[in-house]
Amino acid sequence: MPPIIRIADASQHVGEIVTVRGWLKRRTGKGKINFLRLRDGSGSFQAVAFLPTLGDELFDQVKSLTTESSLLLTGEIRADERAPGVPGGYEMDLRHIEIVQIAEEYPITPKEHGIEFLLDRRHLWLRSDQQWAITRVRAVVVRAIRDWLDDQGFLNVDTPILTPAAGEGTTTLFKIDYHGVPAYLAQTGQLYNEANIFAFGKVYCFGPTFRAEKSKTRRHLQEFWMVEPEIAFCKLEDLLEIEEQFVSYIVQTALTKCKAELALLERDTTLLQNVLPPFPRISYDRAVEMVNAAAAQGETVPPNDEPLPPIPWGGDFGAPQETFLASQFDRPLFVTHYPTAVKAFYMEPEPGRPEVCRSADLLAPEGYGEIIGGSERMSDPEQLLAAIRKHNLPAGAYDWYVELRQFGSVPHSGFGLGVERTVAWITGISHLREAIPYPRVLGRLTP
Ligand code: 4AD
Ligand code: MG
């Protein structure tokens, strides 16, 4: 029996007879020759079926194959730099075929399908080249996130998903019934991270988070994955240095490890190669000036070349303003010191200027918007209680959180990086819904 190999390992078996197991992407050819494009999860390549080699019976079986039929193909691996596939450069000279199942007519065809049609068939759509590539980049990004944090001495401490109180404002809460008591799906693990740093110094949580976003945008999901590092004895300035190292590592790792995937997606990686520290830093004040000056000049922004809207001081940036600001620099941009009023209750005010807080958002280039939100946290218990009251939050639910500030309070900071926004940016896709295997967008819960 020939050895069973993965297509990704074909290069190690040139000249050998091997078996690969997978699914037929498509069959082409006519007369005495058929080309079977097979994918096996690790990659794809072409097997060449030649009537004189196979004989009539096997060749008839080849001709019966439909898209997505499951198969075992046995043959000799040949190197040919023009051979199509991922990674490409290898093909199989087919000697034997074993059919597992002849697939019924497959609904996803090479023609253009509408997005709702594809999302309804997400369980099948994941098999297509682009979705395969994006999902693999996502896995590399997740691994890079963990590797970097683990190597830098952060401890992964898990935080709950069923929570009694809001972490990021009350307007996007998913409310559930916890045995007769109201509870919420976690919007963030941050508040628990803040408890955990007092036990472990540097921590991170990493998991799904939930936001009942009431509008449909290409940057918002109802369920998304976020990694949240939190660090004791850390000021805002220290935090930004950690963030730029972290994001650079993730991007450079994806560029190194996902060459085939990014090539398949036809991603122009020029700007991604720039993603190295230091990243530029501007204040919110400066950002508002830049936006308003450009808006007055009639600046327009992609994707629709609409006019850049001006913004009064105190407003939060929308997608057009973030896109414009990021486009003024050649790598991700930190915008710091946002107005306290547009940010969450827990952010430390700037000394002597309490109308702004010690916060920073990291804006990705090319219109991908905010990929990180972070800040220094309020460390004084009285000030924190006042902020909780000012935001009309139920003080009792935050007793434990305030209490953290009574036993060895220290300056501390942390941030959250959105996995789907990071993956969308690296892969160059226009909408977050393809950056997660089973997207939860407004109005969709299936499959
Ligand atoms: O800025 P956000 O809301 O910050 C927090 O949740 C903090 N508690 C993080 C922290 O300091 N520990 O969200 C952080 C990031 C955003 O920058 C964005 O990348 C992503 O999470 N994000 C979303 N991604 C997809 N869909 C949504 N609805 C998102 N909301 C936020
Ligand atoms: Mg934010």
# chains A, B, ... in the order shown; residues from 1 in each chain; ligands from 1
>>> residues_around(residues="region 317-331 of chain A", least_positions_apart="3", cutoff="7 Å", atoms="only C-alpha atoms", output="ChimeraX atom specification")
/A:274-275,279,291,301,308,363-367,369
>>> write_last_selection(atoms="N, CA and C atoms", output="PDB file, in the first residue's frame")
ATOM      1  N   ASN A 274       5.656  47.320   6.113  1.00  0.00           N
ATOM      2  CA  ASN A 274       6.058  48.495   6.911  1.00  0.00           C
ATOM      3  C   ASN A 274       5.723  48.378   8.383  1.00  0.00           C
ATOM      4  N   VAL A 275       4.905  47.401   8.737  1.00  0.00           N
ATOM      5  CA  VAL A 275       4.363  47.377  10.101  1.00  0.00           C
ATOM      6  C   VAL A 275       5.443  46.943  11.084  1.00  0.00           C
ATOM      7  N   PHE A 279       5.336  53.094  15.868  1.00  0.00           N
ATOM      8  CA  PHE A 279       4.166  53.611  15.165  1.00  0.00           C
ATOM      9  C   PHE A 279       4.002  55.091  15.517  1.00  0.00           C
ATOM     10  N   VAL A 291      -8.464  66.374  10.563  1.00  0.00           N
ATOM     11  CA  VAL A 291      -9.709  66.033   9.863  1.00  0.00           C
ATOM     12  C   VAL A 291     -10.383  67.312   9.363  1.00  0.00           C
ATOM     13  N   VAL A 301     -13.045  60.252   0.900  1.00  0.00           N
ATOM     14  CA  VAL A 301     -12.479  59.018   1.462  1.00  0.00           C
ATOM     15  C   VAL A 301     -13.035  57.773   0.781  1.00  0.00           C
ATOM     16  N   LEU A 308     -15.171  63.858   3.193  1.00  0.00           N
ATOM     17  CA  LEU A 308     -14.786  63.629   4.593  1.00  0.00           C
ATOM     18  C   LEU A 308     -15.592  64.584   5.471  1.00  0.00           C
ATOM     19  N   LEU A 363      -5.274  52.734  14.971  1.00  0.00           N
ATOM     20  CA  LEU A 363      -6.001  52.700  13.703  1.00  0.00           C
ATOM     21  C   LEU A 363      -5.150  52.007  12.644  1.00  0.00           C
ATOM     22  N   ALA A 364      -5.723  51.006  11.995  1.00  0.00           N
ATOM     23  CA  ALA A 364      -4.999  50.281  10.950  1.00  0.00           C
ATOM     24  C   ALA A 364      -5.065  51.054   9.646  1.00  0.00           C
ATOM     25  N   PRO A 365      -4.054  50.885   8.791  1.00  0.00           N
ATOM     26  CA  PRO A 365      -4.078  51.530   7.480  1.00  0.00           C
ATOM     27  C   PRO A 365      -5.169  50.942   6.572  1.00  0.00           C
ATOM     28  N   GLU A 366      -5.316  51.540   5.409  1.00  0.00           N
ATOM     29  CA  GLU A 366      -6.152  51.000   4.332  1.00  0.00           C
ATOM     30  C   GLU A 366      -7.619  50.869   4.710  1.00  0.00           C
ATOM     31  N   GLY A 367      -8.077  51.729   5.616  1.00  0.00           N
ATOM     32  CA  GLY A 367      -9.511  51.758   5.904  1.00  0.00           C
ATOM     33  C   GLY A 367     -10.013  50.690   6.853  1.00  0.00           C
ATOM     34  N   GLY A 369      -9.698  50.707  10.107  1.00  0.00           N
ATOM     35  CA  GLY A 369     -10.223  51.314  11.314  1.00  0.00           C
ATOM     36  C   GLY A 369      -9.541  50.853  12.581  1.00  0.00           C
TER      37      GLY A 369
END
>>> residues_near_ligand(ligand="ligand 1", cutoff="8 Å", atoms="only C-alpha atoms and all ligand atoms", output="count of residues only")
43
>>> select_by_dssp(residues="region 190-328 of chain A", states="strand (DSSP E or B)", output="ChimeraX atom specification")
/A:202-210,223-232,281-283,300-301,306-307
>>> write_last_selection(atoms="C-alpha atoms", output="CSV table (one decimal), in the first residue's frame")
chain,number,residue,atom,x,y,z
A,202,LYS,CA,0.8,40.6,33.5
A,203,VAL,CA,-2.2,38.7,32.2
A,204,TYR,CA,-4.3,38.2,29.1
A,205,CYS,CA,-7.7,36.8,28.4
A,206,PHE,CA,-8.7,35.6,24.9
A,207,GLY,CA,-12.1,34.5,23.8
A,208,PRO,CA,-15.4,35.4,22.2
A,209,THR,CA,-17.0,38.7,23.3
A,210,PHE,CA,-20.5,39.9,22.5
A,223,GLU,CA,-19.9,38.0,18.4
A,224,PHE,CA,-16.1,38.6,17.9
A,225,TRP,CA,-12.9,37.4,19.4
A,226,MET,CA,-10.8,39.7,21.4
A,227,VAL,CA,-7.4,39.3,23.1
A,228,GLU,CA,-7.0,41.6,26.1
A,229,PRO,CA,-3.6,42.0,27.8
A,230,GLU,CA,-3.5,43.9,31.1
A,231,ILE,CA,-0.3,45.0,32.9
A,232,ALA,CA,0.4,46.2,36.5
A,281,ARG,CA,1.3,58.8,17.8
A,282,ILE,CA,-1.0,61.8,17.6
A,283,SER,CA,-3.4,63.3,20.1
A,300,THR,CA,-12.9,62.5,0.0
A,301,VAL,CA,-12.5,59.0,1.5
A,306,GLU,CA,-17.6,60.4,-0.2
A,307,PRO,CA,-16.7,63.8,1.3
>>> closest_residue(among="A:Trp23, A:Trp425, A:Trp125, A:Phe233", to="Thr269 (chain A)", atoms="only C-alpha atoms")
A:Trp425
>>> select_by_dssp(residues="region 69-293 of chain A", states="helix (DSSP H, G or I)", output="PyMOL selection string")
chain A and resi 115-120+122-125+129-151+190-200+236-257+259-264+270-273+284-293
>>> closest_residue(among="A:Arg121, A:Arg39, A:Arg136, A:Lys214", to="Leu173 (chain A)", atoms="only C-alpha atoms")
A:Lys214
>>> closest_residue(among="A:Asp316, A:Glu98, A:Asp268, A:Asp150", to="ligand 2", atoms="only C-alpha atoms and all ligand atoms")
A:Asp316
